[in-house]
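J.: Input run_5.csv, format and content: CSV, C-alpha atoms.
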```
chain,number,residue,atom,x,y,z
O,290,MET,CA,2.9,-15.2,5.1
O,291,ASP,CA,6.3,-15.0,6.8
O,292,THR,CA,6.4,-11.7,8.6
O,293,PRO,CA,10.0,-12.1,9.8
O,294,ARG,CA,11.0,-12.1,6.1
O,295,ARG,CA,10.3,-8.3,6.1
O,296,LEU,CA,12.9,-7.9,8.8
O,297,LYS,CA,15.4,-10.1,7.1
O,298,ARG,CA,15.3,-8.1,3.8
O,299,MET,CA,15.6,-4.7,5.4
O,300,SER,CA,17.9,-2.7,3.1
O,301,SER,CA,20.7,-0.3,4.2
O,302,HIS,CA,18.1,2.5,3.5
O,303,ALA,CA,15.8,0.9,6.1
O,304,LEU,CA,18.6,0.8,8.7
O,305,LEU,CA,19.4,4.4,8.1
O,306,ALA,CA,15.8,5.3,8.2
O,307,ALA,CA,15.2,3.7,11.6
O,308,SER,CA,18.0,5.7,13.3
O,309,ALA,CA,17.4,8.9,11.4
O,310,VAL,CA,13.6,9.0,12.1
O,311,ALA,CA,14.2,8.1,15.8
O,312,LEU,CA,16.5,11.0,16.2
O,313,SER,CA,14.1,13.5,14.5
O,314,ALA,CA,10.8,12.1,15.9
O,315,LEU,CA,10.4,14.6,18.7
O,316,SER,CA,10.9,17.6,16.3
O,317,ALA,CA,8.8,16.4,13.4
O,318,PRO,CA,5.7,18.6,12.8
O,319,GLY,CA,2.7,17.3,14.8
O,320,PHE,CA,4.7,14.3,16.1
O,321,ALA,CA,3.6,13.5,19.6
O,322,GLN,CA,5.8,11.8,22.2
O,323,ALA,CA,3.8,8.6,21.9
O,324,GLN,CA,5.1,8.3,18.3
O,325,GLY,CA,8.7,8.2,19.3
O,326,ASN,CA,8.9,4.5,18.2
O,327,SER,CA,7.0,4.9,14.9
O,328,ALA,CA,10.1,4.1,12.9
O,329,GLU,CA,9.8,0.6,14.4
O,330,LEU,CA,6.2,0.2,13.2
O,331,PRO,CA,5.4,-1.1,9.7
O,332,ILE,CA,4.1,2.2,8.3
O,333,ALA,CA,4.7,3.5,4.8
O,334,VAL,CA,3.4,6.1,2.4
O,335,GLN,CA,2.1,5.5,-1.1
O,336,MET,CA,3.8,8.1,-3.2
O,337,TYR,CA,0.7,8.8,-5.3
O,338,THR,CA,-0.5,10.8,-2.3
O,339,LEU,CA,2.4,13.3,-2.9
O,340,ARG,CA,2.3,13.4,-6.7
O,341,ASP,CA,1.5,17.1,-6.8
O,342,PHE,CA,3.8,18.0,-3.9
O,343,GLY,CA,6.7,19.6,-5.8
O,344,SER,CA,9.7,17.6,-7.0
O,345,LEU,CA,10.5,14.0,-6.1
O,346,GLU,CA,13.2,15.2,-3.7
O,347,GLU,CA,10.6,17.5,-2.0
O,348,GLN,CA,8.1,14.6,-1.8
O,349,LEU,CA,10.7,12.3,-0.1
O,350,ALA,CA,11.8,15.1,2.3
O,351,ALA,CA,8.1,15.5,3.3
O,352,VAL,CA,7.9,11.7,4.0
O,353,HIS,CA,11.0,11.9,6.2
O,354,ARG,CA,9.6,15.0,8.1
O,355,ALA,CA,6.4,13.1,8.7
O,356,GLY,CA,8.4,10.5,10.7
O,357,ILE,CA,7.9,7.7,8.1
O,358,SER,CA,10.8,5.6,6.9
O,359,ALA,CA,9.2,3.5,4.1
O,360,ILE,CA,7.5,4.3,0.8
O,361,GLU,CA,5.5,2.5,-1.9
O,362,THR,CA,6.5,3.9,-5.3
O,363,VAL,CA,4.5,4.6,-8.4
O,364,GLY,CA,6.5,2.7,-10.9
O,365,THR,CA,10.0,4.1,-11.3
O,366,GLN,CA,8.9,7.6,-10.1
O,367,GLN,CA,10.2,8.7,-13.5
O,368,VAL,CA,13.8,8.5,-12.4
O,369,THR,CA,16.7,6.0,-12.8
O,370,ALA,CA,17.5,3.5,-10.1
O,371,GLU,CA,20.7,5.3,-9.4
O,372,GLU,CA,18.8,8.6,-8.9
O,373,LEU,CA,16.2,7.0,-6.7
O,374,ASN,CA,18.8,5.3,-4.6
O,375,ALA,CA,20.6,8.6,-4.0
O,376,LEU,CA,17.4,10.2,-2.8
O,377,LEU,CA,16.4,7.2,-0.6
O,378,GLU,CA,19.8,7.5,1.1
O,379,GLU,CA,19.6,11.2,1.5
O,380,HIS,CA,16.2,11.0,3.2
O,381,ALA,CA,16.7,7.7,5.1
O,382,LEU,CA,13.9,5.8,3.3
O,383,GLU,CA,13.4,2.3,1.9
O,384,VAL,CA,11.1,1.0,-0.9
O,385,ILE,CA,8.8,-1.7,0.4
O,386,SER,CA,6.5,-2.1,-2.7
O,387,SER,CA,6.0,-0.6,-6.1
O,388,HIS,CA,2.8,-0.1,-8.0
O,389,VAL,CA,3.2,-1.7,-11.4
O,390,GLN,CA,0.6,-1.6,-14.1
O,391,LEU,CA,-0.7,-4.8,-15.7
O,392,ASP,CA,0.9,-3.8,-19.1
O,393,ASP,CA,4.3,-3.7,-17.4
O,394,LEU,CA,3.8,-7.0,-15.8
O,395,ARG,CA,2.8,-8.6,-19.1
O,396,ASN,CA,5.3,-6.9,-21.4
O,397,ARG,CA,8.2,-5.4,-19.3
O,398,LEU,CA,8.6,-7.8,-16.4
O,399,ASP,CA,12.4,-8.2,-16.8
O,400,GLU,CA,13.0,-4.4,-16.8
O,401,THR,CA,10.6,-3.9,-13.9
O,402,VAL,CA,12.4,-6.6,-11.8
O,403,ALA,CA,15.8,-5.2,-12.6
O,404,PHE,CA,14.8,-1.7,-11.5
O,405,ASN,CA,13.3,-2.9,-8.3
O,406,GLN,CA,16.2,-5.1,-7.5
O,407,ALA,CA,18.5,-2.1,-7.9
O,408,VAL,CA,16.5,-0.1,-5.3
O,409,GLY,CA,16.1,-3.0,-2.8
O,410,ASN,CA,12.5,-3.7,-3.3
O,411,ASP,CA,11.1,-7.3,-3.8
O,412,THR,CA,7.3,-6.7,-4.0
O,413,LEU,CA,5.4,-5.5,-7.1
O,414,THR,CA,1.7,-4.5,-6.6
O,415,MET,CA,-0.8,-4.2,-9.4
O,416,PRO,CA,-2.7,-1.1,-8.5
O,417,TYR,CA,-5.6,-0.6,-10.9
O,418,LEU,CA,-7.6,-1.9,-13.9
O,419,ALA,CA,-8.8,0.5,-16.5
O,420,GLU,CA,-12.5,0.4,-17.0
O,421,ASP,CA,-12.2,-1.3,-20.4
O,422,ALA,CA,-10.0,-4.0,-18.9
O,423,ARG,CA,-12.3,-5.0,-16.1
O,424,PRO,CA,-14.0,-8.4,-16.4
O,425,SER,CA,-17.8,-8.4,-16.3
O,426,ASP,CA,-18.4,-11.9,-14.9
O,427,ALA,CA,-16.9,-14.5,-12.5
O,428,GLU,CA,-15.2,-16.4,-15.3
O,429,GLY,CA,-13.4,-13.2,-16.5
O,430,TRP,CA,-12.1,-12.5,-13.0
O,431,GLN,CA,-11.0,-16.1,-12.6
O,432,ALA,CA,-9.1,-15.9,-15.9
O,433,LEU,CA,-7.4,-12.7,-14.8
O,434,GLY,CA,-6.6,-14.4,-11.5
O,435,GLU,CA,-5.0,-17.4,-13.3
O,436,GLU,CA,-2.8,-15.0,-15.3
O,437,LEU,CA,-1.7,-13.1,-12.2
O,438,GLY,CA,-1.0,-16.4,-10.5
O,439,GLU,CA,1.3,-17.4,-13.3
O,440,ILE,CA,3.1,-14.0,-13.2
O,441,ALA,CA,3.4,-14.4,-9.4
O,442,ALA,CA,5.0,-17.8,-9.8
O,443,GLU,CA,7.4,-16.4,-12.3
O,444,LEU,CA,8.3,-13.6,-10.0
O,445,ASP,CA,8.7,-16.0,-7.1
O,446,ALA,CA,11.5,-17.8,-9.0
O,447,GLU,CA,13.3,-14.4,-9.1
O,448,GLY,CA,12.8,-13.8,-5.4
O,449,PHE,CA,10.0,-11.3,-6.0
O,450,ARG,CA,6.4,-11.2,-4.8
O,451,LEU,CA,3.2,-10.0,-6.6
O,452,ALA,CA,0.3,-8.3,-4.8
O,453,TYR,CA,-3.0,-6.9,-6.0
O,454,HIS,CA,-4.6,-3.6,-4.9
O,455,ASN,CA,-8.4,-3.2,-5.0
O,456,HIS,CA,-10.8,-0.4,-5.6
O,457,ASP,CA,-14.6,-0.6,-5.2
O,458,PHE,CA,-15.3,-2.3,-8.5
O,459,GLU,CA,-13.7,-5.5,-7.3
O,460,MET,CA,-16.4,-5.6,-4.6
O,461,GLU,CA,-19.0,-6.5,-7.3
O,462,VAL,CA,-20.6,-9.9,-6.3
O,463,TYR,CA,-20.8,-12.8,-8.8
O,464,ASP,CA,-22.1,-16.2,-7.7
O,465,GLY,CA,-22.0,-15.3,-4.1
O,466,LYS,CA,-18.4,-14.0,-4.1
O,467,THR,CA,-16.8,-10.7,-4.7
O,468,ALA,CA,-14.8,-10.3,-7.9
O,469,LEU,CA,-11.7,-9.9,-5.8
O,470,GLU,CA,-12.3,-13.3,-4.2
O,471,HIS,CA,-12.8,-15.0,-7.6
O,472,LEU,CA,-9.5,-13.5,-8.7
O,473,PHE,CA,-7.6,-14.7,-5.6
O,474,ASP,CA,-9.2,-18.2,-5.7
O,475,ALA,CA,-8.0,-18.7,-9.2
O,476,ALA,CA,-4.6,-17.1,-8.7
O,477,GLY,CA,-3.5,-19.4,-5.8
O,478,SER,CA,-1.4,-18.7,-2.8
O,479,ASP,CA,1.5,-16.9,-4.6
O,480,LEU,CA,-0.6,-13.8,-5.2
O,481,LEU,CA,-0.8,-11.4,-2.2
O,482,ALA,CA,-3.5,-8.9,-1.3
O,483,GLU,CA,-3.1,-5.2,-0.7
O,484,LEU,CA,-6.5,-4.2,0.6
O,485,ASP,CA,-7.6,-0.6,0.4
O,486,ILE,CA,-9.8,-0.1,3.5
O,487,ALA,CA,-11.6,2.9,2.2
O,488,TRP,CA,-12.5,1.3,-1.1
O,489,VAL,CA,-13.7,-1.9,0.6
O,490,ALA,CA,-16.1,0.2,2.6
O,491,ARG,CA,-17.2,2.2,-0.5
O,492,GLY,CA,-17.9,-1.1,-2.2
O,493,GLY,CA,-20.4,-1.9,0.5
O,494,PHE,CA,-18.4,-4.3,2.7
O,495,ASP,CA,-17.4,-4.1,6.4
O,496,PRO,CA,-13.5,-3.9,6.4
O,497,VAL,CA,-13.5,-5.6,9.9
O,498,GLU,CA,-14.9,-8.8,8.4
O,499,TYR,CA,-13.5,-8.5,4.8
O,500,VAL,CA,-9.9,-8.4,5.9
O,501,THR,CA,-10.3,-11.9,7.5
O,502,ARG,CA,-11.0,-13.3,4.0
O,503,PHE,CA,-7.4,-12.7,3.1
O,504,ASP,CA,-5.6,-13.9,6.2
O,505,GLY,CA,-2.4,-15.5,5.2
O,506,GLN,CA,-2.2,-13.5,2.0
O,507,LEU,CA,-2.5,-10.0,3.3
O,508,PHE,CA,0.8,-8.3,2.4
O,509,ALA,CA,-0.5,-4.8,3.2
O,510,VAL,CA,-3.5,-2.5,3.7
O,511,HIS,CA,-3.9,1.0,2.4
O,512,ALA,CA,-4.8,3.0,5.4
O,513,LYS,CA,-7.2,5.5,4.0
O,514,ASP,CA,-10.3,7.1,5.4
O,515,ASN,CA,-13.7,8.2,3.9
O,516,ALA,CA,-15.2,11.6,4.7
O,517,PRO,CA,-18.9,11.8,5.7
O,518,GLU,CA,-21.1,11.4,2.6
O,519,GLY,CA,-21.5,14.6,0.7
O,520,THR,CA,-18.5,16.3,2.2
O,521,ALA,CA,-14.9,16.8,1.1
O,522,GLU,CA,-15.9,16.6,-2.6
O,523,ASP,CA,-12.8,18.6,-3.6
O,524,GLU,CA,-10.8,15.7,-2.0
O,525,GLY,CA,-12.7,12.9,-3.7
O,526,GLY,CA,-14.7,12.3,-0.6
O,527,PHE,CA,-11.6,11.0,1.3
O,528,ALA,CA,-10.4,12.2,4.7
O,529,THR,CA,-7.2,12.3,6.7
O,530,LEU,CA,-6.7,9.0,8.5
O,531,GLY,CA,-8.7,9.0,11.7
O,532,LYS,CA,-10.8,12.1,10.8
O,533,GLY,CA,-13.3,10.3,8.6
O,534,VAL,CA,-16.2,7.9,9.2
O,535,LEU,CA,-14.3,4.5,9.4
O,536,ASP,CA,-14.2,2.8,12.8
O,537,TRP,CA,-10.4,2.3,13.2
O,538,ASP,CA,-10.8,1.1,16.7
O,539,ALA,CA,-12.5,-2.0,15.3
O,540,ILE,CA,-10.7,-2.2,11.9
O,541,LEU,CA,-7.1,-2.1,13.3
O,542,PRO,CA,-7.5,-5.0,15.7
O,543,ALA,CA,-9.0,-7.1,12.8
O,544,ILE,CA,-6.0,-6.2,10.6
O,545,GLU,CA,-3.5,-6.9,13.4
O,546,ALA,CA,-5.1,-10.4,13.8
O,547,THR,CA,-3.9,-11.3,10.3
O,548,ASP,CA,-0.3,-11.7,9.1
O,549,VAL,CA,-0.3,-8.2,7.5
O,550,GLU,CA,3.2,-6.7,6.9
O,551,TRP,CA,2.6,-3.1,6.2
O,552,TYR,CA,0.2,-0.2,6.7
O,553,ILE,CA,0.5,2.1,3.8
O,554,ILE,CA,-1.0,5.6,4.2
O,555,GLU,CA,-2.7,6.9,1.1
O,556,HIS,CA,-5.1,9.8,0.1
O,557,ASP,CA,-6.2,10.0,-3.5
O,558,MET,CA,-6.8,13.8,-3.7
O,559,PRO,CA,-5.3,15.6,-0.7
O,560,LEU,CA,-5.4,19.4,-0.5
O,561,ASP,CA,-2.4,19.3,1.9
O,562,ALA,CA,-0.5,16.1,1.2
O,563,GLU,CA,2.2,16.7,3.9
O,564,ALA,CA,-0.4,17.2,6.6
O,565,VAL,CA,-2.3,14.1,5.5
O,566,ILE,CA,0.8,11.8,5.9
O,567,THR,CA,2.1,13.6,9.0
O,568,GLU,CA,-1.3,13.4,10.8
O,569,GLY,CA,-2.0,10.0,9.4
O,570,ASN,CA,1.3,8.6,10.7
O,571,SER,CA,0.7,10.2,14.2
O,572,PHE,CA,-2.8,8.6,14.4
O,573,LEU,CA,-1.7,5.2,13.1
O,574,ALA,CA,1.4,5.0,15.2
O,575,GLU,CA,-0.4,5.8,18.4
O,576,LYS,CA,-3.1,3.3,17.7
O,577,LEU,CA,-0.7,0.5,16.6
O,578,ALA,CA,1.6,1.1,19.6
O,579,ALA,CA,-1.3,0.8,22.0
O,580,LEU,CA,-2.6,-2.4,20.3
O,581,ARG,CA,0.8,-4.0,20.4
O,582,GLU,CA,1.3,-3.2,24.1
O,583,GLU,CA,-1.9,-5.1,25.0
```
In structure tokens, what does this structure look like?

T.:
Amino acid sequence: MDTPRRLKRMSSHALLAASAVALSALSAPGFAQAQGNSAELPIAVQMYTLRDFGSLEEQLAAVHRAGISAIETVGTQQVTAEELNALLEEHALEVISSHVQLDDLRNRLDETVAFNQAVGNDTLTMPYLAEDARPSDAEGWQALGEELGEIAAELDAEGFRLAYHNHDFEMEVYDGKTALEHLFDAAGSDLLAELDIAWVARGGFDPVEYVTRFDGQLFAVHAKDNAPEGTAEDEGGFATLGKGVLDWDAILPAIEATDVEWYIIEHDMPLDAEAVITEGNSFLAEKLAALREE
């Protein structure tokens, strides 16, 4: 994966974001001095985290206050491209990926590409498979992989990329490989991975080792933490980044050793979404800055 490509394709929103966040970093809630350079780090927020946090404008304002300059959208966020562009400019944000359902990839690809072109995004990520759409054997996962590989090749011709985001059900093992590996083996190199670290762990695998299986195809990770077993049930068992049970001191160096482009903060059921992204960004920025100084 060509990491400099991310720098080359930075939109005007990204340039605004870098300066605006740098100016506001010291005053952002919970933002320590060590995070003054976080706008330069590849940290984004998955907007699903903020879905219950008021209006879209309020959600994007919270991302900006958290000291983050990039987002991964949920489809169109139920607005037009023009409306989203205005909000991105207002809050100094860029779109670095969009979660797009399989049905849209199959049946509304042209419209999806047009919307994302209009907001300066070139990466589509398939986020989820409904239970009745999940293959039940290696052959089924390979067939899905072949289909996604074909869509990825079609998108590549348009200057777009396709990624796949996992949950725990893709950690099911068939013939000595996880379903996710069967999918990627069949898809070929055009399909990129967006590994959700918490779901990898919930699926029974060590994220430190598992991320190495996708070196060269790892577009992003979802930086998400698991709470101790039996706790945080009202938050789906998830925790604010760095406050759960995952060993980030081991996980982050393993991710950094790959060609990963983005760390995307996500929490599926946050009670306080703004605190989750603010504290998550502070934690992640401090850890990444330290690793990159070594």

J.: Using all atoms listed in the file, tabulate the residues of region 393-491 of chain O lying at most 10 Å from any atom of region 534-548 of chain O, each with its closest atom pair and that distance in Å to one decimal, by chain and increasing residue number, as CSV.

T.:
```
residue,atom,partner,partner_atom,distance
O:Ile486,CA,O:Ile540,CA,8.7
O:Ala487,CA,O:Leu535,CA,7.9
O:Ala490,CA,O:Leu535,CA,8.2
```

J.: Okay, now the selection with C-alpha atoms, as a PDB file, in the coordinates of the input?

T.:
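Heads up, here's the output in selection.pdb:
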```pdb
ATOM      1  CA  ILE O 486      -9.800  -0.100   3.500  1.00  0.00           C
ATOM      2  CA  ALA O 487     -11.600   2.900   2.200  1.00  0.00           C
ATOM      3  CA  ALA O 490     -16.100   0.200   2.600  1.00  0.00           C
TER       4      ALA O 490
END
```

J.: Between O:Ala381, O:Ile566, O:Val334, O:Val363, single out the one closest to Thr401 (chain O), counting all atoms listed in the file.

T.: O:Val363

J.: Rounded to one decimal place, report the CA of Ala482 (chain O)-CA of Val510 (chain O) distance in Å.

T.: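 CA of Val510 (chain O) lies at a distance of 8.1 Å from CA of Ala482 (chain O).
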
J.: In the coordinate frame of the file, compute which residues have an atom within 12 Å of (-14.9, -19.4, -11.2) when using all atoms listed in the file, and state them as a PDB file with C-alpha atoms, keeping the file's coordinate frame.

T.:
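Dumped everything to result-v4.pdb:
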```
ATOM      1  CA  ASP O 426     -18.400 -11.900 -14.900  1.00  0.00           C
ATOM      2  CA  ALA O 427     -16.900 -14.500 -12.500  1.00  0.00           C
ATOM      3  CA  GLU O 428     -15.200 -16.400 -15.300  1.00  0.00           C
ATOM      4  CA  GLY O 429     -13.400 -13.200 -16.500  1.00  0.00           C
ATOM      5  CA  TRP O 430     -12.100 -12.500 -13.000  1.00  0.00           C
ATOM      6  CA  GLN O 431     -11.000 -16.100 -12.600  1.00  0.00           C
ATOM      7  CA  ALA O 432      -9.100 -15.900 -15.900  1.00  0.00           C
ATOM      8  CA  LEU O 433      -7.400 -12.700 -14.800  1.00  0.00           C
ATOM      9  CA  GLY O 434      -6.600 -14.400 -11.500  1.00  0.00           C
ATOM     10  CA  GLU O 435      -5.000 -17.400 -13.300  1.00  0.00           C
ATOM     11  CA  TYR O 463     -20.800 -12.800  -8.800  1.00  0.00           C
ATOM     12  CA  ASP O 464     -22.100 -16.200  -7.700  1.00  0.00           C
ATOM     13  CA  GLY O 465     -22.000 -15.300  -4.100  1.00  0.00           C
ATOM     14  CA  LYS O 466     -18.400 -14.000  -4.100  1.00  0.00           C
ATOM     15  CA  THR O 467     -16.800 -10.700  -4.700  1.00  0.00           C
ATOM     16  CA  ALA O 468     -14.800 -10.300  -7.900  1.00  0.00           C
ATOM     17  CA  LEU O 469     -11.700  -9.900  -5.800  1.00  0.00           C
ATOM     18  CA  GLU O 470     -12.300 -13.300  -4.200  1.00  0.00           C
ATOM     19  CA  HIS O 471     -12.800 -15.000  -7.600  1.00  0.00           C
ATOM     20  CA  LEU O 472      -9.500 -13.500  -8.700  1.00  0.00           C
ATOM     21  CA  PHE O 473      -7.600 -14.700  -5.600  1.00  0.00           C
ATOM     22  CA  ASP O 474      -9.200 -18.200  -5.700  1.00  0.00           C
ATOM     23  CA  ALA O 475      -8.000 -18.700  -9.200  1.00  0.00           C
ATOM     24  CA  ALA O 476      -4.600 -17.100  -8.700  1.00  0.00           C
TER      25      ALA O 476
END
```

J.: Work out how far apart CA of Phe458 (chain O) and CA of Trp488 (chain O) are and give it in Å to one decimal.

T.: 8.7 Å

J.: Which is closer to Thr338 (chain O) than all the others in O:Asn570, O:Ala350, O:Phe494, O:Glu361, using all atoms listed in the file?

T.: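 Among the listed residues, O:Glu361 lies closest to Thr338 (chain O).
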
J.: For a quick check of understanding, using all atoms listed in the file, which of O:Phe527, O:Phe449, O:Trp551, O:Phe503 has the smallest distance to Glu329 (chain O)?

T.: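 Residue with the minimum atom-to-atom distance to Glu329 (chain O): O:Trp551.
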
J.: Near Ser344 (chain O), within 12 Å and counting all atoms listed in the file, which residues show up once chain neighbours fewer than 5 positions away are dropped, as a list in words?

T.: Met336, Leu339, Leu349, Ala350, Ala351, Gln366, Gln367, Val368 and Leu376 of chain O

J.: Hey, which of O:Ala370, O:Tyr453, O:Leu484, O:Glu461 ends up closest to Pro424 (chain O)? Count only C-alpha atoms.

T.: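 The shortest atom-to-atom distance to Pro424 (chain O) comes from O:Glu461.
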
J.: Determine the nearest neighbour of Glu447 (chain O) from the options O:Met460, O:Ala403, O:Ala422, O:Leu507, counting only C-alpha atoms.

T.: O:Ala403

J.: Which neighbours of Arg340 (chain O) fall inside 10 Å, counting all atoms listed in the file, when residues of the same chain fewer than 5 positions from it are skipped, and could you give them as an MDAnalysis selection string?

T.: chainID O and resid 335 345 348 363 366 557:559 562

J.: For CA of Ala452 (chain O) and CA of Tyr499 (chain O), determine how far apart the two atoms are, in Å to one decimal place.

T.: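 So the answer is 16.8 Å.
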
J.: Check the smallest atom-to-atom distance from each of O:Asp421, O:Glu346, O:Asp399, O:Glu522 to Asn374 (chain O) using all atoms listed in the file, then report the winner.

T.: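 Among the listed residues, the smallest separation from Asn374 (chain O) belongs to O:Glu346.
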
J.: Which polymer residues, protein or nucleic acid, are no farther than 7 Å from (-9.2, -3.6, -2.0), counting only C-alpha atoms, as a compact mmCIF listing (two decimals) with C-alpha atoms, in the coordinates of the input?

T.:
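Ended up saving to point.txt:
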```txt
# COMPACT_ATOMS: atom_id res chain seq x y z
CA HIS O 454 -4.60 -3.60 -4.90
CA ASN O 455 -8.40 -3.20 -5.00
CA HIS O 456 -10.80 -0.40 -5.60
CA ASP O 457 -14.60 -0.60 -5.20
CA GLU O 483 -3.10 -5.20 -0.70
CA LEU O 484 -6.50 -4.20 0.60
CA ASP O 485 -7.60 -0.60 0.40
CA ILE O 486 -9.80 -0.10 3.50
CA TRP O 488 -12.50 1.30 -1.10
CA VAL O 489 -13.70 -1.90 0.60
```

J.: Write out as a PyMOL selection string the residues lying within 7 Å of Val389 (chain O), counting all atoms listed in the file and excluding same-chain residues fewer than 4 positions away.

T.: chain O and resi 364+393-394+413-416

J.: Write out as an mmCIF file with C-alpha atoms, in the frame of the given file each polymer residue whose atoms come within 8 Å of Ser386 (chain O), counting only C-alpha atoms; drop sequence neighbours fewer than 2 positions from it.

T.:
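Writing done, so here's selection.cif:
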```
data_model
loop_
_atom_site.group_PDB
_atom_site.id
_atom_site.type_symbol
_atom_site.label_atom_id
_atom_site.label_comp_id
_atom_site.auth_asym_id
_atom_site.auth_seq_id
_atom_site.Cartn_x
_atom_site.Cartn_y
_atom_site.Cartn_z
ATOM 1 C CA ILE O 360 7.500 4.300 0.800
ATOM 2 C CA GLU O 361 5.500 2.500 -1.900
ATOM 3 C CA THR O 362 6.500 3.900 -5.300
ATOM 4 C CA VAL O 384 11.100 1.000 -0.900
ATOM 5 C CA HIS O 388 2.800 -0.100 -8.000
ATOM 6 C CA ASN O 410 12.500 -3.700 -3.300
ATOM 7 C CA ASP O 411 11.100 -7.300 -3.800
ATOM 8 C CA THR O 412 7.300 -6.700 -4.000
ATOM 9 C CA LEU O 413 5.400 -5.500 -7.100
ATOM 10 C CA THR O 414 1.700 -4.500 -6.600
#
```
